[in-house]
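As stored in data.txt (compact mmCIF, N, CA and C atoms):
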# COMPACT_ATOMS: atom_id res chain seq x y z
N MET A 1 105.46 105.44 110.27
CA MET A 1 105.42 106.21 111.49
C MET A 1 104.00 106.72 111.68
N LYS A 2 103.51 106.57 112.87
CA LYS A 2 102.17 107.05 113.19
C LYS A 2 102.21 108.56 113.38
N TYR A 3 101.19 109.25 112.89
CA TYR A 3 101.13 110.70 113.01
C TYR A 3 100.95 111.11 114.46
N ASP A 4 101.76 112.03 114.90
CA ASP A 4 101.68 112.59 116.24
C ASP A 4 101.54 114.10 116.10
N PRO A 5 100.40 114.66 116.51
CA PRO A 5 100.18 116.10 116.33
C PRO A 5 101.15 116.96 117.13
N ASN A 6 101.87 116.35 118.07
CA ASN A 6 102.83 117.11 118.87
C ASN A 6 104.17 117.29 118.17
N ILE A 7 104.40 116.52 117.12
CA ILE A 7 105.64 116.64 116.36
C ILE A 7 105.50 117.79 115.37
N CYS A 8 106.57 118.53 115.22
CA CYS A 8 106.59 119.64 114.27
C CYS A 8 106.16 119.13 112.89
N PRO A 9 105.19 119.77 112.24
CA PRO A 9 104.72 119.28 110.94
C PRO A 9 105.81 119.25 109.88
N VAL A 10 106.75 120.17 109.94
CA VAL A 10 107.84 120.16 108.96
C VAL A 10 108.70 118.93 109.17
N ARG A 11 109.06 118.66 110.41
CA ARG A 11 109.88 117.49 110.71
C ARG A 11 109.14 116.21 110.35
N HIS A 12 107.84 116.20 110.58
CA HIS A 12 107.03 115.03 110.28
C HIS A 12 107.13 114.66 108.79
N VAL A 13 107.09 115.65 107.93
CA VAL A 13 107.19 115.41 106.48
C VAL A 13 108.63 115.12 106.09
N LEU A 14 109.58 115.90 106.59
CA LEU A 14 110.98 115.74 106.19
C LEU A 14 111.60 114.44 106.69
N ASP A 15 111.10 113.89 107.78
CA ASP A 15 111.62 112.61 108.27
C ASP A 15 111.54 111.53 107.19
N ASP A 16 110.44 111.51 106.47
CA ASP A 16 110.27 110.49 105.43
C ASP A 16 110.88 110.91 104.10
N VAL A 17 110.67 112.13 103.69
CA VAL A 17 111.16 112.59 102.39
C VAL A 17 112.68 112.71 102.39
N GLY A 18 113.27 113.02 103.54
CA GLY A 18 114.71 113.21 103.63
C GLY A 18 115.51 111.92 103.70
N ASP A 19 114.86 110.81 103.78
CA ASP A 19 115.53 109.51 103.80
C ASP A 19 116.27 109.31 102.49
N LYS A 20 117.51 108.79 102.54
CA LYS A 20 118.31 108.67 101.32
C LYS A 20 117.65 107.77 100.28
N TRP A 21 117.00 106.71 100.72
CA TRP A 21 116.37 105.82 99.74
C TRP A 21 115.15 106.49 99.13
N ALA A 22 114.41 107.24 99.90
CA ALA A 22 113.24 107.94 99.37
C ALA A 22 113.65 108.93 98.29
N ILE A 23 114.71 109.67 98.54
CA ILE A 23 115.18 110.64 97.54
C ILE A 23 115.58 109.93 96.26
N LEU A 24 116.30 108.82 96.38
CA LEU A 24 116.73 108.08 95.19
C LEU A 24 115.55 107.48 94.43
N VAL A 25 114.56 106.97 95.15
CA VAL A 25 113.38 106.40 94.50
C VAL A 25 112.60 107.49 93.77
N ILE A 26 112.37 108.60 94.44
CA ILE A 26 111.59 109.68 93.83
C ILE A 26 112.30 110.23 92.59
N THR A 27 113.60 110.44 92.68
CA THR A 27 114.31 110.96 91.50
C THR A 27 114.38 109.91 90.38
N ALA A 28 114.41 108.64 90.73
CA ALA A 28 114.40 107.59 89.70
C ALA A 28 113.09 107.57 88.94
N LEU A 29 112.01 107.90 89.63
CA LEU A 29 110.68 107.86 89.01
C LEU A 29 110.31 109.15 88.28
N LYS A 30 111.20 110.14 88.28
CA LYS A 30 110.85 111.42 87.65
C LYS A 30 110.64 111.29 86.15
N GLU A 31 111.26 110.30 85.51
CA GLU A 31 111.11 110.12 84.07
C GLU A 31 109.88 109.31 83.70
N GLY A 32 109.28 108.65 84.68
CA GLY A 32 108.08 107.87 84.39
C GLY A 32 107.98 106.62 85.23
N THR A 33 107.04 105.79 84.87
CA THR A 33 106.72 104.57 85.61
C THR A 33 107.86 103.55 85.51
N LEU A 34 108.15 102.91 86.64
CA LEU A 34 109.14 101.83 86.68
C LEU A 34 108.58 100.66 87.48
N ARG A 35 108.95 99.47 87.04
CA ARG A 35 108.60 98.28 87.80
C ARG A 35 109.59 98.11 88.94
N PHE A 36 109.23 97.27 89.90
CA PHE A 36 110.07 97.05 91.07
C PHE A 36 111.48 96.65 90.66
N THR A 37 111.60 95.70 89.74
CA THR A 37 112.92 95.23 89.32
C THR A 37 113.72 96.33 88.62
N GLU A 38 113.05 97.20 87.90
CA GLU A 38 113.74 98.32 87.25
C GLU A 38 114.27 99.30 88.30
N LEU A 39 113.48 99.52 89.35
CA LEU A 39 113.95 100.38 90.44
C LEU A 39 115.16 99.76 91.13
N ARG A 40 115.15 98.46 91.31
CA ARG A 40 116.30 97.77 91.94
C ARG A 40 117.55 97.94 91.09
N ARG A 41 117.40 97.88 89.77
CA ARG A 41 118.56 98.08 88.88
C ARG A 41 119.03 99.53 88.90
N THR A 42 118.09 100.45 89.03
CA THR A 42 118.43 101.87 89.04
C THR A 42 119.14 102.26 90.34
N ILE A 43 118.78 101.60 91.43
CA ILE A 43 119.37 101.87 92.75
C ILE A 43 119.99 100.55 93.23
N PRO A 44 121.14 100.16 92.68
CA PRO A 44 121.67 98.82 92.92
C PRO A 44 122.08 98.52 94.36
N ASP A 45 122.40 99.52 95.16
CA ASP A 45 122.85 99.23 96.52
C ASP A 45 121.74 99.17 97.55
N VAL A 46 120.48 99.31 97.12
CA VAL A 46 119.36 99.18 98.04
C VAL A 46 118.95 97.70 98.11
N SER A 47 118.68 97.23 99.31
CA SER A 47 118.23 95.85 99.46
C SER A 47 116.76 95.75 99.06
N GLN A 48 116.33 94.55 98.75
CA GLN A 48 114.93 94.34 98.38
C GLN A 48 114.01 94.76 99.53
N LYS A 49 114.38 94.40 100.75
CA LYS A 49 113.57 94.75 101.92
C LYS A 49 113.47 96.27 102.09
N MET A 50 114.59 96.98 101.98
CA MET A 50 114.59 98.42 102.17
C MET A 50 113.82 99.12 101.05
N LEU A 51 113.96 98.63 99.83
CA LEU A 51 113.21 99.22 98.71
C LEU A 51 111.71 99.02 98.94
N THR A 52 111.32 97.84 99.36
CA THR A 52 109.90 97.56 99.63
C THR A 52 109.38 98.49 100.73
N GLN A 53 110.12 98.63 101.81
CA GLN A 53 109.69 99.51 102.89
C GLN A 53 109.59 100.97 102.43
N THR A 54 110.56 101.40 101.65
CA THR A 54 110.57 102.78 101.16
C THR A 54 109.39 103.03 100.23
N LEU A 55 109.12 102.09 99.33
CA LEU A 55 107.99 102.24 98.41
C LEU A 55 106.67 102.31 99.17
N ARG A 56 106.51 101.46 100.17
CA ARG A 56 105.27 101.48 100.97
C ARG A 56 105.09 102.80 101.69
N LYS A 57 106.18 103.30 102.25
CA LYS A 57 106.13 104.56 102.98
C LYS A 57 105.78 105.71 102.03
N LEU A 58 106.39 105.74 100.86
CA LEU A 58 106.12 106.80 99.89
C LEU A 58 104.70 106.70 99.33
N GLU A 59 104.22 105.49 99.16
CA GLU A 59 102.83 105.31 98.71
C GLU A 59 101.86 105.79 99.80
N ARG A 60 102.14 105.43 101.02
CA ARG A 60 101.29 105.83 102.15
C ARG A 60 101.20 107.35 102.28
N ASP A 61 102.32 108.02 102.04
CA ASP A 61 102.36 109.47 102.17
C ASP A 61 101.82 110.20 100.94
N GLY A 62 101.47 109.44 99.90
CA GLY A 62 100.84 110.05 98.73
C GLY A 62 101.78 110.50 97.63
N TYR A 63 103.06 110.08 97.70
CA TYR A 63 104.02 110.48 96.67
C TYR A 63 104.03 109.53 95.47
N LEU A 64 103.60 108.29 95.70
CA LEU A 64 103.64 107.26 94.66
C LEU A 64 102.29 106.62 94.44
N ASP A 65 102.10 106.17 93.20
CA ASP A 65 100.99 105.28 92.87
C ASP A 65 101.58 103.91 92.61
N ARG A 66 100.90 102.89 93.05
CA ARG A 66 101.32 101.49 92.84
C ARG A 66 100.26 100.81 92.00
N ALA A 67 100.68 100.25 90.88
CA ALA A 67 99.74 99.55 89.99
C ALA A 67 100.17 98.09 89.86
N VAL A 68 99.23 97.19 90.10
CA VAL A 68 99.50 95.76 90.00
C VAL A 68 98.79 95.22 88.77
N THR A 69 99.54 94.59 87.88
CA THR A 69 98.99 93.95 86.70
C THR A 69 98.86 92.46 87.02
N PRO A 70 97.63 91.94 86.98
CA PRO A 70 97.47 90.52 87.30
C PRO A 70 98.11 89.64 86.23
N SER A 71 99.14 88.96 86.62
CA SER A 71 99.83 88.01 85.76
C SER A 71 100.58 87.07 86.68
N ILE A 72 101.28 86.11 86.10
CA ILE A 72 102.06 85.19 86.91
C ILE A 72 103.52 85.33 86.50
N PRO A 73 104.38 85.86 87.32
CA PRO A 73 104.10 86.53 88.59
C PRO A 73 103.46 87.90 88.35
N PRO A 74 102.81 88.46 89.36
CA PRO A 74 102.20 89.78 89.19
C PRO A 74 103.26 90.83 88.87
N LYS A 75 102.89 91.78 88.03
CA LYS A 75 103.80 92.89 87.70
C LYS A 75 103.35 94.11 88.49
N VAL A 76 104.28 94.68 89.21
CA VAL A 76 104.00 95.85 90.03
C VAL A 76 104.81 97.01 89.50
N ALA A 77 104.13 98.12 89.25
CA ALA A 77 104.80 99.31 88.72
C ALA A 77 104.49 100.51 89.60
N TYR A 78 105.43 101.42 89.66
CA TYR A 78 105.30 102.60 90.50
C TYR A 78 105.47 103.86 89.65
N SER A 79 104.70 104.87 89.99
CA SER A 79 104.83 106.16 89.33
C SER A 79 104.57 107.26 90.36
N LEU A 80 105.03 108.45 90.04
CA LEU A 80 104.82 109.58 90.94
C LEU A 80 103.42 110.12 90.81
N THR A 81 102.85 110.50 91.91
CA THR A 81 101.57 111.21 91.93
C THR A 81 101.87 112.69 91.65
N PRO A 82 100.86 113.51 91.47
CA PRO A 82 101.12 114.95 91.34
C PRO A 82 101.91 115.51 92.53
N LEU A 83 101.63 115.02 93.73
CA LEU A 83 102.37 115.45 94.91
C LEU A 83 103.85 115.06 94.78
N GLY A 84 104.10 113.83 94.36
CA GLY A 84 105.47 113.36 94.16
C GLY A 84 106.20 114.16 93.09
N LYS A 85 105.49 114.47 92.00
CA LYS A 85 106.10 115.27 90.94
C LYS A 85 106.45 116.68 91.42
N SER A 86 105.61 117.22 92.28
CA SER A 86 105.91 118.56 92.81
C SER A 86 107.14 118.52 93.72
N LEU A 87 107.40 117.39 94.35
CA LEU A 87 108.56 117.25 95.22
C LEU A 87 109.85 117.14 94.40
N VAL A 88 109.79 116.51 93.24
CA VAL A 88 110.97 116.33 92.39
C VAL A 88 111.64 117.67 92.10
N ALA A 89 110.85 118.68 91.85
CA ALA A 89 111.40 120.01 91.53
C ALA A 89 112.28 120.54 92.67
N HIS A 90 112.03 120.10 93.88
CA HIS A 90 112.82 120.55 95.02
C HIS A 90 113.98 119.61 95.33
N LEU A 91 113.86 118.35 94.95
CA LEU A 91 114.93 117.39 95.21
C LEU A 91 116.04 117.46 94.18
N GLU A 92 115.70 117.80 92.94
CA GLU A 92 116.72 117.83 91.89
C GLU A 92 117.86 118.79 92.21
N PRO A 93 117.60 120.01 92.68
CA PRO A 93 118.73 120.88 93.03
C PRO A 93 119.60 120.30 94.15
N LEU A 94 118.98 119.63 95.12
CA LEU A 94 119.74 119.01 96.19
C LEU A 94 120.62 117.89 95.65
N ALA A 95 120.07 117.07 94.77
CA ALA A 95 120.85 115.98 94.17
C ALA A 95 122.00 116.54 93.33
N ALA A 96 121.75 117.60 92.58
CA ALA A 96 122.80 118.24 91.78
C ALA A 96 123.89 118.81 92.68
N TRP A 97 123.49 119.44 93.78
CA TRP A 97 124.46 119.98 94.72
C TRP A 97 125.34 118.86 95.27
N ALA A 98 124.71 117.76 95.66
CA ALA A 98 125.46 116.62 96.22
C ALA A 98 126.46 116.09 95.20
N LEU A 99 126.04 115.98 93.96
CA LEU A 99 126.93 115.49 92.91
C LEU A 99 128.10 116.45 92.70
N ASN A 100 127.83 117.72 92.68
CA ASN A 100 128.87 118.72 92.44
C ASN A 100 129.85 118.86 93.61
N HIS A 101 129.43 118.54 94.81
CA HIS A 101 130.27 118.76 95.99
C HIS A 101 130.71 117.47 96.67
N ARG A 102 130.50 116.34 96.03
CA ARG A 102 130.86 115.07 96.67
C ARG A 102 132.34 114.98 96.97
N GLY A 103 133.19 115.56 96.12
CA GLY A 103 134.63 115.55 96.36
C GLY A 103 135.01 116.33 97.61
N GLU A 104 134.39 117.49 97.77
CA GLU A 104 134.66 118.31 98.95
C GLU A 104 134.21 117.61 100.23
N VAL A 105 133.08 116.97 100.15
CA VAL A 105 132.57 116.24 101.32
C VAL A 105 133.50 115.07 101.65
N ALA A 106 133.93 114.35 100.63
CA ALA A 106 134.84 113.22 100.85
C ALA A 106 136.16 113.70 101.47
N LYS A 107 136.67 114.83 100.99
CA LYS A 107 137.91 115.39 101.54
C LYS A 107 137.72 115.79 103.00
N ALA A 108 136.63 116.46 103.31
CA ALA A 108 136.36 116.88 104.69
C ALA A 108 136.23 115.67 105.61
N ARG A 109 135.57 114.61 105.14
CA ARG A 109 135.44 113.40 105.94
C ARG A 109 136.80 112.77 106.21
N ALA A 110 137.63 112.70 105.16
CA ALA A 110 138.95 112.10 105.31
C ALA A 110 139.80 112.90 106.29
N GLU A 111 139.75 114.23 106.22
CA GLU A 111 140.50 115.07 107.14
C GLU A 111 140.00 114.88 108.58
N TYR A 112 138.70 114.81 108.73
CA TYR A 112 138.12 114.61 110.06
C TYR A 112 138.55 113.25 110.61
N ASP A 113 138.42 112.22 109.79
CA ASP A 113 138.75 110.86 110.24
C ASP A 113 140.25 110.72 110.57
N ALA A 114 141.10 111.47 109.89
CA ALA A 114 142.54 111.41 110.12
C ALA A 114 142.92 111.99 111.49
N ARG A 115 142.06 112.83 112.04
CA ARG A 115 142.33 113.43 113.35
C ARG A 115 142.19 112.41 114.48
N ASP A 116 141.44 111.36 114.25
CA ASP A 116 141.20 110.36 115.33
C ASP A 116 142.39 109.44 115.51

Now that the file is in, can you turn its structure into structure tokens?
Amino acid sequence: MKYDPNICPVRHVLDDVGDKWAILVITALKEGTLRFTELRRTIPDVSQKMLTQTLRKLERDGYLDRAVTPSIPPKVAYSLTPLGKSLVAHLEPLAAWALNHRGEVAKARAEYDARD
């Protein structure tokens, strides 16, 4: 997304960080560097295209470092930058909350859907 000074700066940052794939990638990298294939295994329901787009977006925004090791095929690894590491501290409570309340959310969705 191109920067637009007319967009609220908070929304501008949260639009990218709040993406479900971005949150999963950032939390997956909290333990250290992972290669692309390791990230795919860690987040099995993400497509290769979506993971690639998410990684590029996070790298562009300064949350990730991308390191390419020249080999055949090239090995690409990702790690969090200091900015990305500072974000993890704020995402972990959200992820824990989601895990703890997933049953309640599923129940509310089922009740809502049953009304239709």

Q) Quick one: of A:Ile43, A:Met50, A:Leu80, A:Ala89, who's nearest to A:Tyr63, counting all atoms listed in the file? A) A:Leu80

Q: Could you tell me how far atom CA of A:Leu24 lies from atom CA of A:Thr42, in Å and to one decimal?
A: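 Atom CA of A:Leu24 sits 8.9 Å away from atom CA of A:Thr42.
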
Q: Would you please extract all helix (DSSP H, G or I) residues from chain A, as assigned by DSSP on the backbone, and give them as a ChimeraX atom specification?
A: /A:9-17,20-31,36-42,48-60,82-115

**Q.** Filtered DSSP result for chain A, state strand (DSSP E or B), as a list in words
**A.** Leu34, Arg35, Leu64, Asp65, Arg66, Ala67, Val68, Thr69, Lys75, Val76, Ala77, Tyr78, Ser79 and Leu80 of chain A

Q | Residue among A:Phe36, A:Tyr112, A:Ala28, A:Leu14 lying closest to A:Arg56, counting only C-alpha atoms | A |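 So, comparing all the options, the nearest one is A:Phe36.
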
Q: Using atom N of A:Thr27 and atom C of A:Ala98 as the two end points, give the distance in Å to one decimal.
A: 14.3 Å

Q. So how many Å separate atom CA of A:Leu94 and atom CA of A:Val76, to one decimal?
A.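 If I compute the distance from atom CA of A:Leu94 to atom CA of A:Val76, I get 28.7 Å.
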
Give me the residues near stretch 15-23 of chain A as a PDB file with N, CA and C atoms, in the frame of the given file, where near means some atom within 8 Å (using all atoms listed in the file) and where sequence neighbours in that chain fewer than 2 positions away do not count.
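What follows is the written file part-v8.pdb:
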ATOM      1  N   PRO A   9     105.190 119.770 112.240  1.00  0.00           N
ATOM      2  CA  PRO A   9     104.720 119.280 110.940  1.00  0.00           C
ATOM      3  C   PRO A   9     105.810 119.250 109.880  1.00  0.00           C
ATOM      4  N   VAL A  10     106.750 120.170 109.940  1.00  0.00           N
ATOM      5  CA  VAL A  10     107.840 120.160 108.960  1.00  0.00           C
ATOM      6  C   VAL A  10     108.700 118.930 109.170  1.00  0.00           C
ATOM      7  N   ARG A  11     109.060 118.660 110.410  1.00  0.00           N
ATOM      8  CA  ARG A  11     109.880 117.490 110.710  1.00  0.00           C
ATOM      9  C   ARG A  11     109.140 116.210 110.350  1.00  0.00           C
ATOM     10  N   HIS A  12     107.840 116.200 110.580  1.00  0.00           N
ATOM     11  CA  HIS A  12     107.030 115.030 110.280  1.00  0.00           C
ATOM     12  C   HIS A  12     107.130 114.660 108.790  1.00  0.00           C
ATOM     13  N   VAL A  13     107.090 115.650 107.930  1.00  0.00           N
ATOM     14  CA  VAL A  13     107.190 115.410 106.480  1.00  0.00           C
ATOM     15  C   VAL A  13     108.630 115.120 106.090  1.00  0.00           C
ATOM     16  N   VAL A  25     114.560 106.970  95.150  1.00  0.00           N
ATOM     17  CA  VAL A  25     113.380 106.400  94.500  1.00  0.00           C
ATOM     18  C   VAL A  25     112.600 107.490  93.770  1.00  0.00           C
ATOM     19  N   ILE A  26     112.370 108.600  94.440  1.00  0.00           N
ATOM     20  CA  ILE A  26     111.590 109.680  93.830  1.00  0.00           C
ATOM     21  C   ILE A  26     112.300 110.230  92.590  1.00  0.00           C
ATOM     22  N   THR A  27     113.600 110.440  92.680  1.00  0.00           N
ATOM     23  CA  THR A  27     114.310 110.960  91.500  1.00  0.00           C
ATOM     24  C   THR A  27     114.380 109.910  90.380  1.00  0.00           C
ATOM     25  N   ALA A  28     114.410 108.640  90.730  1.00  0.00           N
ATOM     26  CA  ALA A  28     114.400 107.590  89.700  1.00  0.00           C
ATOM     27  C   ALA A  28     113.090 107.570  88.940  1.00  0.00           C
ATOM     28  N   LEU A  29     112.010 107.900  89.630  1.00  0.00           N
ATOM     29  CA  LEU A  29     110.680 107.860  89.010  1.00  0.00           C
ATOM     30  C   LEU A  29     110.310 109.150  88.280  1.00  0.00           C
ATOM     31  N   VAL A  46     120.480  99.310  97.120  1.00  0.00           N
ATOM     32  CA  VAL A  46     119.360  99.180  98.040  1.00  0.00           C
ATOM     33  C   VAL A  46     118.950  97.700  98.110  1.00  0.00           C
ATOM     34  N   MET A  50     114.590  96.980 101.980  1.00  0.00           N
ATOM     35  CA  MET A  50     114.590  98.420 102.170  1.00  0.00           C
ATOM     36  C   MET A  50     113.820  99.120 101.050  1.00  0.00           C
ATOM     37  N   LEU A  51     113.960  98.630  99.830  1.00  0.00           N
ATOM     38  CA  LEU A  51     113.210  99.220  98.710  1.00  0.00           C
ATOM     39  C   LEU A  51     111.710  99.020  98.940  1.00  0.00           C
ATOM     40  N   THR A  54     110.560 101.400 101.650  1.00  0.00           N
ATOM     41  CA  THR A  54     110.570 102.780 101.160  1.00  0.00           C
ATOM     42  C   THR A  54     109.390 103.030 100.230  1.00  0.00           C
ATOM     43  N   LEU A  55     109.120 102.090  99.330  1.00  0.00           N
ATOM     44  CA  LEU A  55     107.990 102.240  98.410  1.00  0.00           C
ATOM     45  C   LEU A  55     106.670 102.310  99.170  1.00  0.00           C
ATOM     46  N   LYS A  57     106.180 103.300 102.250  1.00  0.00           N
ATOM     47  CA  LYS A  57     106.130 104.560 102.980  1.00  0.00           C
ATOM     48  C   LYS A  57     105.780 105.710 102.030  1.00  0.00           C
ATOM     49  N   LEU A  58     106.390 105.740 100.860  1.00  0.00           N
ATOM     50  CA  LEU A  58     106.120 106.800  99.890  1.00  0.00           C
ATOM     51  C   LEU A  58     104.700 106.700  99.330  1.00  0.00           C
ATOM     52  N   LEU A  91     113.860 118.350  94.950  1.00  0.00           N
ATOM     53  CA  LEU A  91     114.930 117.390  95.210  1.00  0.00           C
ATOM     54  C   LEU A  91     116.040 117.460  94.180  1.00  0.00           C
TER      55      LEU A  91
END

Q. Between A:Gly32, A:Pro74, A:Ser79, A:Gly84, which has the minimum distance to A:Asp61 (counting only N, CA and C atoms)?
A.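 Using only N, CA and C atoms, A:Asp61 sits closest to A:Gly84.
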
(Q) Using only C-alpha atoms, can you tell me which of A:Ala108, A:Leu64, A:Cys8, A:Ala77 comes closest to A:Arg35? (A) A:Ala77

Hey, can I get the axis-aligned box for stretch 68-73 of chain A? All listed atoms, 6 Å padding on each side, centre and edge lengths in Å to one decimal, as AutoDock Vina command-line options.
--center_x 100.9 --center_y 91.2 --center_z 87.9 --size_x 18.9 --size_y 24.0 --size_z 16.3
